[in-house]
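Printed here is model.cif (mmCIF, C-alpha atoms):
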```cif
data_query
#
loop_
_atom_site.label_atom_id
_atom_site.label_comp_id
_atom_site.auth_asym_id
_atom_site.auth_seq_id
_atom_site.Cartn_x
_atom_site.Cartn_y
_atom_site.Cartn_z
CA MET A 124 -4.26 -51.95 87.89
CA ASN A 125 -0.78 -51.25 89.10
CA PRO A 126 0.12 -47.60 88.63
CA GLY A 127 3.73 -48.60 88.90
CA LEU A 128 3.51 -50.22 85.50
CA GLY A 129 2.92 -46.96 83.77
CA ILE A 130 -0.84 -47.34 83.72
CA ARG A 131 -2.93 -44.93 85.68
CA ASP A 132 -5.91 -46.48 87.38
CA SER A 133 -8.82 -44.56 85.97
CA GLY A 134 -11.31 -46.30 88.15
CA PHE A 135 -13.34 -47.87 85.44
CA VAL A 136 -11.43 -51.11 85.54
CA ARG A 137 -12.53 -51.63 89.10
CA THR A 138 -16.01 -50.49 88.23
CA TYR A 139 -16.36 -52.88 85.36
CA ILE A 140 -15.19 -55.84 87.33
CA GLY A 141 -17.64 -54.89 90.06
CA ALA A 142 -21.35 -55.48 89.93
CA GLY A 143 -22.46 -52.15 88.52
CA PHE A 144 -21.73 -50.69 85.10
CA SER A 145 -20.76 -47.04 85.48
CA ARG A 146 -20.56 -44.65 82.54
CA PRO A 147 -16.86 -45.32 81.99
CA ALA A 148 -17.49 -49.03 82.18
CA ILE A 149 -20.13 -48.73 79.54
CA THR A 150 -17.66 -46.72 77.48
CA ALA A 151 -15.17 -49.56 77.81
CA ILE A 152 -17.79 -52.07 76.76
CA ALA A 153 -18.62 -49.95 73.75
CA ILE A 154 -14.96 -49.73 72.76
CA VAL A 155 -14.55 -53.47 72.89
CA THR A 156 -17.81 -54.04 71.10
CA LEU A 157 -16.82 -51.73 68.30
CA LEU A 158 -13.34 -53.19 68.11
CA SER A 159 -14.42 -56.82 67.93
CA PRO A 160 -15.66 -56.89 64.33
CA VAL A 161 -12.49 -55.14 63.22
CA LEU A 162 -10.39 -57.73 64.95
CA LEU A 163 -12.52 -60.56 63.68
CA GLY A 164 -12.17 -59.29 60.16
CA GLN A 165 -8.41 -59.24 60.45
CA GLN A 166 -7.87 -62.63 61.87
CA GLY A 167 -9.32 -65.04 59.41
CA PHE A 168 -7.05 -65.38 56.44
CA ARG A 169 -3.33 -65.84 56.27
CA ARG A 170 -1.59 -65.45 52.95
CA THR A 171 2.00 -66.39 52.39
CA PRO A 172 3.54 -63.94 49.93
CA GLY A 173 3.33 -65.41 46.45
CA ALA A 174 0.96 -68.24 47.39
CA VAL A 175 -2.47 -68.81 45.87
CA TYR A 176 -5.58 -70.09 47.58
CA ASP A 177 -9.00 -71.36 46.55
CA ARG A 178 -10.52 -67.95 47.24
CA ASP A 179 -8.38 -66.57 44.40
CA PHE A 180 -10.26 -68.70 41.86
CA PRO A 181 -13.95 -68.38 42.63
CA GLY A 182 -16.07 -70.59 40.45
CA LYS A 183 -13.11 -71.91 38.49
CA LYS A 184 -13.10 -75.65 37.94
CA SER A 185 -9.77 -77.39 38.15
CA GLY A 186 -8.52 -79.76 35.49
CA PRO A 187 -8.32 -83.52 35.92
CA ALA A 188 -5.90 -85.03 38.38
CA PRO A 189 -2.70 -86.41 36.89
CA ARG A 190 -2.21 -90.13 37.30
CA ARG A 191 -0.02 -91.30 40.20
CA ASP A 192 1.38 -87.85 40.83
CA ILE A 193 1.28 -85.89 44.10
CA SER A 194 4.47 -83.96 43.45
CA GLY A 195 4.69 -80.21 43.75
CA ILE A 196 4.68 -77.39 46.28
CA TRP A 197 1.52 -77.46 48.36
CA GLU A 198 -0.14 -74.95 50.67
CA PHE A 199 -3.37 -75.15 52.62
CA ALA A 200 -6.13 -74.38 50.14
CA ASN A 201 -8.08 -72.28 52.61
CA GLY A 202 -5.22 -70.21 54.01
CA GLY A 203 -2.04 -70.69 55.94
CA ALA A 204 -3.71 -70.57 59.34
CA GLU A 205 -5.26 -73.97 58.69
CA GLY A 206 -2.05 -75.72 59.63
CA ILE A 207 -1.30 -74.04 62.93
CA GLN A 208 -3.48 -76.37 65.02
CA ALA A 209 -2.45 -74.66 68.23
CA ASP A 210 -4.89 -76.64 70.36
CA GLY A 211 -4.04 -79.97 68.85
CA ALA A 212 -4.82 -82.07 65.79
CA LYS A 213 -7.32 -80.25 63.59
CA ALA A 214 -9.82 -83.08 63.31
CA ILE A 215 -9.98 -83.58 67.07
CA PRO A 216 -8.60 -80.62 69.04
CA SER A 217 -8.03 -80.65 72.78
CA ASP A 218 -10.89 -78.36 73.73
CA GLY A 219 -12.67 -80.29 76.46
CA LYS A 220 -15.62 -81.20 74.27
CA PRO A 221 -16.82 -84.78 74.92
CA GLU A 222 -16.79 -85.56 71.20
CA HIS A 223 -13.09 -84.70 71.12
CA GLU A 224 -12.13 -86.99 73.98
CA LEU A 225 -9.51 -89.42 72.72
CA PRO A 226 -9.93 -93.17 73.35
CA PHE A 227 -7.09 -93.42 75.84
CA THR A 228 -6.03 -96.66 77.41
CA PRO A 229 -5.14 -96.27 81.11
CA GLU A 230 -1.49 -96.12 80.12
CA GLY A 231 -2.23 -93.53 77.44
CA ARG A 232 -4.21 -91.34 79.80
CA LYS A 233 -1.37 -91.45 82.29
CA ALA A 234 1.06 -90.35 79.60
CA PHE A 235 -1.29 -87.53 78.56
CA THR A 236 -1.59 -86.37 82.16
CA ASN A 237 2.17 -86.30 82.49
CA ASN A 238 2.53 -84.06 79.45
CA LYS A 239 2.26 -80.33 80.19
CA PRO A 240 1.38 -78.49 76.98
CA THR A 241 1.08 -74.73 76.66
CA TYR A 242 -2.02 -75.03 74.48
CA GLY A 243 -5.20 -77.00 74.51
CA PHE A 244 -7.52 -77.94 77.33
CA THR A 245 -4.75 -79.02 79.71
CA GLN A 246 -2.43 -76.09 79.05
CA VAL A 247 0.01 -74.66 81.57
CA PRO A 248 2.08 -71.43 81.43
CA SER A 249 5.09 -71.63 79.14
CA ALA A 250 7.53 -71.68 82.03
CA LEU A 251 5.94 -74.86 83.42
CA THR A 252 5.78 -76.89 80.24
CA ASN A 253 7.63 -80.10 79.48
CA ASP A 254 6.92 -79.78 75.77
CA PRO A 255 10.09 -80.90 73.98
CA MET A 256 9.73 -78.38 71.20
CA PRO A 257 10.33 -75.00 72.87
CA GLY A 258 13.85 -76.19 73.49
CA CYS A 259 14.04 -77.05 69.79
CA ASP A 260 14.04 -80.81 70.24
CA PRO A 261 12.76 -82.52 67.08
CA GLN A 262 9.03 -82.31 66.60
CA GLY A 263 9.13 -85.52 64.59
CA PHE A 264 6.32 -87.11 62.62
CA PRO A 265 3.35 -86.68 62.81
CA ARG A 266 3.67 -83.48 64.83
CA ILE A 267 5.26 -81.81 61.81
CA VAL A 268 1.83 -81.98 60.13
CA LEU A 269 -0.32 -81.67 63.26
CA HIS A 270 1.21 -78.46 64.59
CA ASN A 271 2.67 -75.43 62.89
CA ALA A 272 2.26 -77.10 59.52
CA HIS A 273 3.00 -74.91 56.55
CA HIS A 274 4.08 -75.49 52.99
CA GLU A 275 5.19 -78.91 51.87
CA GLN A 276 7.07 -79.86 48.77
CA ILE A 277 6.60 -83.41 47.56
CA LEU A 278 9.16 -85.05 45.29
CA GLN A 279 8.70 -88.43 43.64
CA THR A 280 11.52 -90.67 42.53
CA THR A 281 11.45 -94.24 41.32
CA THR A 282 12.00 -95.52 44.86
CA GLN A 283 10.67 -92.83 47.21
CA VAL A 284 8.12 -90.15 47.84
CA VAL A 285 10.04 -87.42 49.63
CA ILE A 286 8.25 -84.73 51.61
CA LEU A 287 10.05 -81.48 52.42
CA TYR A 288 8.54 -79.53 55.30
CA GLN A 289 8.90 -75.81 55.84
CA PHE A 290 9.31 -75.88 59.59
CA ASN A 291 12.95 -76.42 60.50
CA LYS A 292 13.56 -77.57 56.92
CA LYS A 293 12.83 -81.20 57.76
CA TRP A 294 12.17 -84.00 55.30
CA ARG A 295 10.93 -87.58 55.21
CA SER A 296 11.39 -90.44 52.82
CA ILE A 297 8.46 -92.75 52.16
CA TRP A 298 9.91 -95.76 50.45
CA THR A 299 8.08 -97.18 47.44
CA ASP A 300 10.64 -99.80 46.50
CA GLY A 301 8.64 -102.67 47.93
CA ARG A 302 10.36 -102.99 51.29
CA LYS A 303 8.32 -103.86 54.36
CA LEU A 304 7.92 -101.86 57.54
CA PRO A 305 9.97 -103.03 60.52
CA SER A 306 8.10 -106.02 61.91
CA ASN A 307 8.93 -105.14 65.52
CA PRO A 308 8.15 -101.44 66.09
CA GLU A 309 9.83 -101.55 69.50
CA VAL A 310 13.12 -102.64 67.93
CA PRO A 311 12.71 -101.19 64.46
CA ALA A 312 15.07 -101.72 61.58
CA TRP A 313 14.84 -102.18 57.84
CA ASP A 314 15.16 -105.81 56.86
CA ILE A 315 17.63 -104.92 54.14
CA LYS A 316 21.28 -105.81 53.93
CA GLY A 317 23.52 -102.88 54.76
CA SER A 318 20.86 -100.92 56.67
CA PRO A 319 21.74 -99.06 59.88
CA PRO A 320 21.34 -100.92 63.19
CA PRO A 321 17.95 -100.99 64.90
CA GLU A 322 16.77 -97.77 66.48
CA ALA A 323 13.58 -95.87 67.11
CA ARG A 324 13.48 -92.60 65.19
CA PHE A 325 11.89 -89.20 65.62
CA TRP A 326 10.66 -89.53 62.04
CA GLY A 327 9.95 -93.25 62.07
CA TYR A 328 10.14 -95.65 59.14
CA SER A 329 7.77 -95.15 56.22
CA VAL A 330 6.66 -97.17 53.20
CA GLY A 331 4.00 -96.23 50.66
CA ARG A 332 1.95 -97.56 47.79
CA TRP A 333 -0.65 -96.40 45.29
CA THR A 334 -4.03 -97.89 46.12
CA ASP A 335 -5.45 -96.43 42.92
CA ASP A 336 -4.18 -93.95 40.34
CA TYR A 337 -5.05 -90.98 42.53
CA THR A 338 -4.51 -92.25 46.07
CA PHE A 339 -1.16 -92.78 47.76
CA VAL A 340 -1.12 -94.45 51.18
CA ALA A 341 1.87 -94.55 53.53
CA ASP A 342 2.36 -96.59 56.69
CA SER A 343 4.91 -95.63 59.32
CA ASN A 344 6.19 -97.11 62.57
CA GLY A 345 9.37 -97.34 64.62
CA PHE A 346 8.90 -94.02 66.38
CA ASP A 347 10.84 -92.53 69.27
CA ASP A 348 8.25 -91.99 71.99
CA ARG A 349 9.83 -88.76 73.24
CA THR A 350 7.88 -86.77 70.67
CA TRP A 351 4.30 -85.60 71.10
CA LEU A 352 1.64 -86.18 68.50
CA ASP A 353 0.49 -82.58 68.56
CA ASN A 354 0.72 -79.25 70.33
CA ALA A 355 -1.82 -80.25 72.98
CA GLY A 356 0.46 -82.92 74.44
CA ARG A 357 -1.28 -85.96 72.99
CA PRO A 358 1.20 -88.79 73.61
CA HIS A 359 2.25 -91.82 71.65
CA SER A 360 4.06 -95.00 72.58
CA ASP A 361 6.71 -96.94 70.73
CA ALA A 362 3.88 -99.00 69.24
CA LEU A 363 2.66 -96.06 67.19
CA HIS A 364 1.57 -96.85 63.64
CA ILE A 365 0.45 -94.05 61.35
CA ILE A 366 -1.62 -94.32 58.21
CA GLU A 367 -1.19 -91.37 55.88
CA THR A 368 -3.46 -90.99 52.86
CA TYR A 369 -2.92 -88.55 49.99
CA HIS A 370 -5.77 -88.24 47.53
CA ARG A 371 -5.20 -86.20 44.38
CA VAL A 372 -8.65 -84.72 43.88
CA ASP A 373 -7.90 -82.79 40.70
CA ALA A 374 -5.07 -80.88 39.04
CA ASP A 375 -4.94 -78.27 41.81
CA HIS A 376 -5.93 -80.14 44.95
CA LEU A 377 -4.60 -82.77 47.28
CA GLU A 378 -6.29 -84.08 50.42
CA LYS A 379 -4.33 -85.48 53.33
CA THR A 380 -5.70 -87.76 56.04
CA ILE A 381 -3.70 -88.88 59.06
CA THR A 382 -4.87 -91.79 61.22
CA ILE A 383 -3.26 -92.60 64.56
CA ASP A 384 -3.08 -96.27 65.48
CA ASP A 385 -1.34 -96.87 68.80
CA PRO A 386 -2.78 -99.87 70.67
CA LYS A 387 -0.72 -99.20 73.80
CA TYR A 388 -2.13 -95.71 74.32
CA TYR A 389 -5.45 -95.72 72.44
CA THR A 390 -8.17 -98.34 72.40
CA ARG A 391 -8.89 -97.73 68.72
CA PRO A 392 -7.41 -95.78 65.79
CA TRP A 393 -8.48 -92.15 65.48
CA VAL A 394 -8.31 -89.57 62.71
CA ALA A 395 -6.10 -86.58 63.41
CA LEU A 396 -6.37 -84.89 59.99
CA ASP A 397 -9.45 -85.56 57.92
CA LYS A 398 -9.07 -84.83 54.20
CA MET A 399 -7.14 -81.64 54.83
CA PRO A 400 -7.23 -79.75 51.51
CA TYR A 401 -4.04 -78.45 49.95
CA ARG A 402 -3.68 -76.35 46.81
CA LEU A 403 -0.88 -76.73 44.28
CA GLN A 404 1.43 -73.72 44.12
CA SER A 405 3.67 -72.31 41.43
CA ALA A 406 6.82 -74.36 40.93
CA SER A 407 8.77 -71.16 41.52
CA LEU A 408 7.24 -70.38 44.91
CA GLU A 409 9.92 -69.80 47.53
CA ILE A 410 9.07 -71.64 50.73
CA PRO A 411 9.70 -69.35 53.73
CA GLU A 412 12.35 -70.19 56.28
CA GLN A 413 11.23 -71.00 59.79
CA GLU A 414 13.74 -72.38 62.23
CA CYS A 415 13.55 -73.16 65.91
CA VAL A 416 16.63 -71.37 67.20
CA PRO A 417 17.74 -72.32 70.73
CA SER A 418 19.38 -68.96 71.45
CA GLU A 419 16.25 -67.07 70.35
CA THR A 420 14.09 -69.36 72.45
CA ALA A 421 16.28 -68.72 75.48
CA LYS A 422 15.93 -64.98 75.02
CA TYR A 423 12.17 -65.31 74.64
CA ASN A 424 11.98 -67.34 77.84
CA GLN A 425 14.11 -64.85 79.72
CA LEU A 426 12.27 -61.75 78.57
CA PHE A 427 8.73 -63.05 78.36
CA ALA A 428 7.79 -66.63 79.21
CA ASN A 429 9.41 -66.82 82.62
CA PRO A 430 8.35 -63.42 84.00
CA ALA A 431 4.85 -63.95 82.57
CA ALA A 432 4.50 -67.17 84.55
CA ASN A 433 5.72 -65.78 87.88
CA LYS A 434 3.07 -65.43 90.52
CA MET B 6 -12.75 -40.26 81.50
CA ARG B 7 -9.71 -38.39 82.61
CA ARG B 8 -7.00 -37.59 80.21
CA MET B 9 -4.23 -40.10 80.47
CA VAL B 10 -0.85 -40.50 78.87
CA VAL B 11 -1.72 -44.11 78.70
CA THR B 12 -5.26 -44.91 77.78
CA VAL B 13 -6.54 -48.02 79.35
CA ALA B 14 -9.30 -49.73 77.51
CA CYS B 15 -10.53 -52.68 79.40
CA GLY B 16 -13.36 -54.94 78.46
CA VAL B 17 -14.18 -58.50 79.18
CA ALA B 18 -16.65 -61.15 78.29
CA LEU B 19 -18.04 -59.60 75.16
CA LEU B 20 -15.54 -61.30 72.96
CA SER B 21 -16.88 -64.69 72.11
CA SER B 22 -15.09 -67.79 73.24
CA ALA B 23 -14.24 -68.44 69.62
CA LEU B 24 -12.06 -65.41 69.66
CA VAL B 25 -9.80 -66.77 72.30
CA ALA B 26 -9.99 -70.44 71.57
CA HIS B 27 -6.83 -70.90 69.60
CA HIS B 28 -4.17 -69.11 71.50
CA ALA B 29 -2.32 -69.91 74.67
CA THR B 30 -4.38 -68.36 77.37
CA ALA B 31 -2.78 -69.51 80.59
CA VAL B 32 -0.83 -66.36 81.34
CA PHE B 33 -2.97 -63.68 79.70
CA ASP B 34 -5.71 -61.61 81.24
CA LEU B 35 -8.23 -62.59 78.62
CA GLY B 36 -10.29 -59.83 77.13
CA LYS B 37 -8.40 -57.01 78.81
CA ARG B 38 -6.97 -54.38 76.51
CA LEU B 39 -4.26 -51.80 77.13
CA THR B 40 -3.27 -49.09 74.71
CA LEU B 41 0.22 -47.80 75.41
CA THR B 42 2.18 -45.01 73.79
CA GLY B 43 5.88 -45.62 73.90
CA THR B 44 9.32 -45.62 72.31
CA VAL B 45 10.75 -48.75 70.72
CA THR B 46 13.97 -50.04 72.27
CA GLU B 47 14.17 -53.35 70.38
CA TRP B 48 12.29 -55.34 67.74
CA PHE B 49 13.26 -58.99 68.15
CA TRP B 50 12.17 -60.82 64.99
CA ALA B 51 12.49 -64.42 66.12
CA ASN B 52 11.03 -67.77 67.03
CA PRO B 53 9.02 -68.89 68.85
CA HIS B 54 7.57 -65.39 69.15
CA CYS B 55 8.71 -61.95 68.09
CA LEU B 56 9.15 -59.44 70.88
CA LEU B 57 8.60 -55.68 70.76
CA ARG B 58 10.34 -53.92 73.62
CA PHE B 59 9.35 -50.33 74.32
CA ASP B 60 9.46 -47.70 77.04
CA VAL B 61 6.31 -46.05 78.32
CA LYS B 62 6.27 -42.94 80.50
CA ASN B 63 3.52 -42.77 83.08
CA ASP B 64 1.84 -39.68 84.52
CA ASN B 65 4.53 -39.38 87.16
CA GLY B 66 7.23 -39.25 84.57
CA GLU B 67 8.47 -42.70 85.44
CA MET B 68 9.64 -44.87 82.57
CA MET B 69 8.32 -48.42 82.39
CA HIS B 70 9.85 -51.01 80.09
CA TRP B 71 7.29 -53.20 78.34
CA VAL B 72 7.80 -56.42 76.40
CA ALA B 73 5.04 -57.56 74.05
CA GLU B 74 4.97 -60.67 71.91
CA THR B 75 3.61 -61.54 68.51
CA GLN B 76 3.55 -64.84 66.71
CA ALA B 77 6.59 -66.19 64.84
CA PRO B 78 7.84 -64.40 61.71
CA PRO B 79 6.24 -66.66 59.06
CA ASN B 80 2.89 -66.07 60.70
CA MET B 81 3.33 -62.30 60.84
CA THR B 82 4.65 -61.76 57.31
CA PRO B 83 1.25 -62.41 55.72
CA PHE B 84 -0.12 -59.48 57.71
CA GLY B 85 2.53 -57.04 56.58
CA TRP B 86 4.99 -57.39 59.44
CA SER B 87 8.71 -57.77 58.80
CA LYS B 88 12.09 -57.57 60.40
CA GLN B 89 12.09 -53.91 59.33
CA SER B 90 8.72 -53.04 60.89
CA PHE B 91 10.27 -51.07 63.76
CA ALA B 92 13.43 -49.12 64.41
CA VAL B 93 14.86 -48.19 67.77
CA GLY B 94 13.41 -44.83 68.77
CA ASP B 95 10.13 -45.21 66.86
CA GLN B 96 7.14 -43.71 68.64
CA VAL B 97 4.39 -46.33 68.59
CA VAL B 98 0.94 -46.87 70.03
CA VAL B 99 0.60 -50.49 71.07
CA THR B 100 -2.69 -52.19 71.83
CA LEU B 101 -2.08 -55.39 73.74
CA GLU B 102 -3.58 -57.97 76.04
CA PRO B 103 -1.56 -57.96 79.28
CA VAL B 104 -0.50 -60.92 81.36
CA LYS B 105 -2.36 -61.72 84.55
CA ASN B 106 0.44 -61.26 87.05
CA GLY B 107 0.82 -57.51 86.62
CA GLN B 108 4.20 -57.62 84.93
CA PRO B 109 4.64 -55.19 82.01
CA LEU B 110 4.14 -57.95 79.46
CA GLY B 111 1.46 -58.73 76.93
CA ARG B 112 0.61 -59.99 73.50
CA ILE B 113 0.13 -57.50 70.72
CA LEU B 114 -3.21 -56.83 69.07
CA GLN B 115 -2.04 -54.00 66.91
CA VAL B 116 0.59 -51.29 66.66
CA LYS B 117 0.16 -47.81 65.23
CA LEU B 118 3.39 -46.75 63.54
CA PRO B 119 4.96 -43.28 63.39
CA ASP B 120 3.66 -42.81 59.84
CA GLY B 121 0.11 -43.42 60.96
CA LYS B 122 -0.17 -46.90 59.50
CA THR B 123 -1.37 -49.72 61.72
CA LEU B 124 0.01 -53.24 61.86
CA VAL B 125 -2.58 -55.75 63.01
CA ALA B 126 -1.42 -58.94 64.66
CA GLY B 127 -3.86 -60.96 62.63
CA ASN B 128 -3.99 -64.40 64.06
CA GLY B 129 -1.85 -63.34 66.94
CA LEU B 130 -4.61 -62.32 69.26
CA PRO B 131 -8.05 -63.01 70.40
CA PRO B 132 -9.08 -62.82 66.93
CA SER B 133 -8.85 -66.53 66.91
CA GLY B 134 -5.39 -67.11 65.94
CA GLY B 135 -3.01 -69.72 66.31
CA ASP B 136 0.09 -70.53 67.91
CA THR B 137 3.30 -70.66 66.10
CA ARG B 138 5.66 -71.48 68.84
CA PRO B 139 7.84 -74.30 67.75
#
```
What is this file in structure tokens?
Amino acid sequence: MNPGLGIRDSGFVRTYIGAGFSRPAITAIAIVTLLSPVLLGQQGFRRTPGAVYDRDFPGKKSGPAPRRDISGIWEFANGGAEGIQADGAKAIPSDGKPEHELPFTPEGRKAFTNNKPTYGFTQVPSALTNDPMPGCDPQGFPRIVLHNAHHEQILQTTTQVVILYQFNKKWRSIWTDGRKLPSNPEVPAWDIKGSPPPEARFWGYSVGRWTDDYTFVADSNGFDDRTWLDNAGRPHSDALHIIETYHRVDADHLEKTITIDDPKYYTRPWVALDKMPYRLQSASLEIPEQECVPSETAKYNQLFANPAANK
Amino acid sequence: MRRMVVTVACGVALLSSALVAHHATAVFDLGKRLTLTGTVTEWFWANPHCLLRFDVKNDNGEMMHWVAETQAPPNMTPFGWSKQSFAVGDQVVVTLEPVKNGQPLGRILQVKLPDGKTLVAGNGLPPSGGDTRP
């Protein structure tokens, strides 16, 4: 301990780190032991003011699902923390476990190695990251649902399913007017008269269809490869194709599955979100504001991230 | 244990790996705990993390300026935190996990307020939490 930091070295820190457990060290152990359950009890559930969750309706059966309708304001059924996914996509986090190893191609593994995330198994200190998001570059799709995901509002029109995301107040259009995805994802463009010129996009190009009365499936491609798939630095190429499935389970629930299909970087498709459950919220629920603000980020880096990373 | 203006509570290894699995760990001295009594100089309610800045006087009467982070506002609101949680001059008791390099920086576990109430960081700390940095 450095007394210069305003902390007096009581001796037990050294003792505890050493081989023997002195009385003060045992006291410290006891403190931590007693504190742990308290902390554990506090951490589990995150409730957005005004939101409802499955735990609020124990034993209550929901009504039947409406036909071809996924509209509404949705929140994670089991609490807001479900969407954070700090260590990467929820279904397959970057935690070093063999079963969570992604099927990288050599090119994909190289791209992953070049990414320096601040979370996950390959994390680095904040000051050393090349994550585009701390500087408030667009997180794009699918990172918007694989990291820091919060409420979503889904709107349906005769030609689109529109998804409004809480974080940075972003939105996507999934076209349902029968158009086809860009045939060349490396030079993507809608094949429709009057459309903008070809360009890769942070949010890609998306089309969707109902595969049955309760399942809506969207396909997307044409992505800008500067974005990361998730907070653990999983990369994607310009060949990325995403399959997004929304299954309306009943009146109150929606399940979302995200499958990553990127033949340049991964030898096979893999599931990033696996039937993630959402619960329908009141139509009057106010979705909180959460913006990435460059000036706030700069202040955070100056006061915390940079000095914390200094040797 | 001797009486200290600042009580240092340090413990390691007893917290399960699950506790620390979901938060950035690269810069923090995992499992270590400091409890600091100090005076708030700024409460920065912002992304990607909120910052509580406070002054702590050590036994020699020297003032040290600490900066401690929490998660982003939308992830603190559910646990009772707000932009109005602290005012400049508030006397607070902050329990935090310090950084490894010895700088007066850390991430907040909980803060005891002047009125005796305690704000818990919820997901913000070893209690497996989550990141909210954008």
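Each of B:Lys88, B:Arg112, B:Lys62, B:Lys117 was checked against chain A using only C-alpha atoms; the smallest atom-to-atom distance is that of B:Lys62.
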- Task: Enter the distance from atom CA of Ile297 of chain A to atom CA of Tyr176 of chain A, in Å, rounded to one decimal.
- Result: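 Those two atoms sit 27.0 Å apart.
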- Message: Given the PyMOL selection byres ((chain A and resi 354) around 6) and the file above, list the residues it selects as number ranges by chain.
- Response: A: 209, 211, 270, 353, 355-356
- Message: Nearest residue to chain B out of A:Glu378, A:Asp373, A:Glu205, A:Asp300, using all atoms listed in the file?
- Response: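 Closest residue, counting all atoms listed in the file: A:Glu205.
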- What separation in Å, quoted to one decimal, exists between atom CA of Glu309 of chain A and atom CA of Ser343 of chain A?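 Value for the atom CA of Glu309 of chain A-atom CA of Ser343 of chain A distance: 12.8 Å.
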- Length of the atom CA of Ile286 of chain A to atom CA of Phe264 of chain A vector [Å]: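 Atom-to-atom, atom CA of Ile286 of chain A and atom CA of Phe264 of chain A are spaced 11.4 Å apart.
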- How would you write, as a PyMOL selection string, the residues chosen by the PyMOL selection byres ((chain B and resi 70-84) around 6) on this structure? (chain A and resi 169-171) or (chain B and resi 52-60+69+85-87+109-113+129+137)
- Query: Using all atoms listed in the file, which residues sit within 12 Å of Pro255 of chain A once same-chain residues fewer than 4 positions away are excluded, as a list in words?
  - Reply: Asn238, Lys239, Pro240, Thr241, Ser249, Leu251, Cys259, Asp260, Pro261, Gln262, Gly263, Arg266, Phe325, Asp348, Arg349, Thr350, Trp351, Leu352, Asp353, Asn354, Ala355, Gly356, Pro358, Cys415 and Pro417 of chain A; Arg138 and Pro139 of chain B
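Proximity to chain A was assessed for B:Val61, B:Val45, B:Val99, B:Leu35 counting only C-alpha atoms; the smallest distance is recorded for B:Val61.
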- Message: With distances taken over all atoms listed in the file, which residue among B:Val116, B:Val98, B:Val32, B:Val93 lies nearest chain A?
- Response: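 Closest to chain A of all the choices is B:Val32.
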- I would like the residues chosen by the PyMOL selection byres ((chain A and resi 380-383) around 12) on the shown file; could you give them as a PyMOL selection string? chain A and resi 212-215+225-227+264-269+338-344+352-353+357-360+362-371+377-379+384-401
- Point out the residue among A:Ser296, A:Thr334, A:Asn429, A:Ser329 with the least atom-to-atom distance to chain B, counting all atoms listed in the file.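 Of all the options, A:Asn429 lies closest to chain B.
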- Nearby residues (only C-alpha atoms) at most 6 Å from segment 201-204 of chain A, same-chain spacing under 2 positions excluded, as JSON, numbers by chain: {"A": [168, 169, 199, 206, 207]}
- Shortest contact to chain A, candidates B:Leu101, B:Ala31, B:Lys122, B:Trp50, atoms counted only C-alpha atoms, goes to B:Ala31
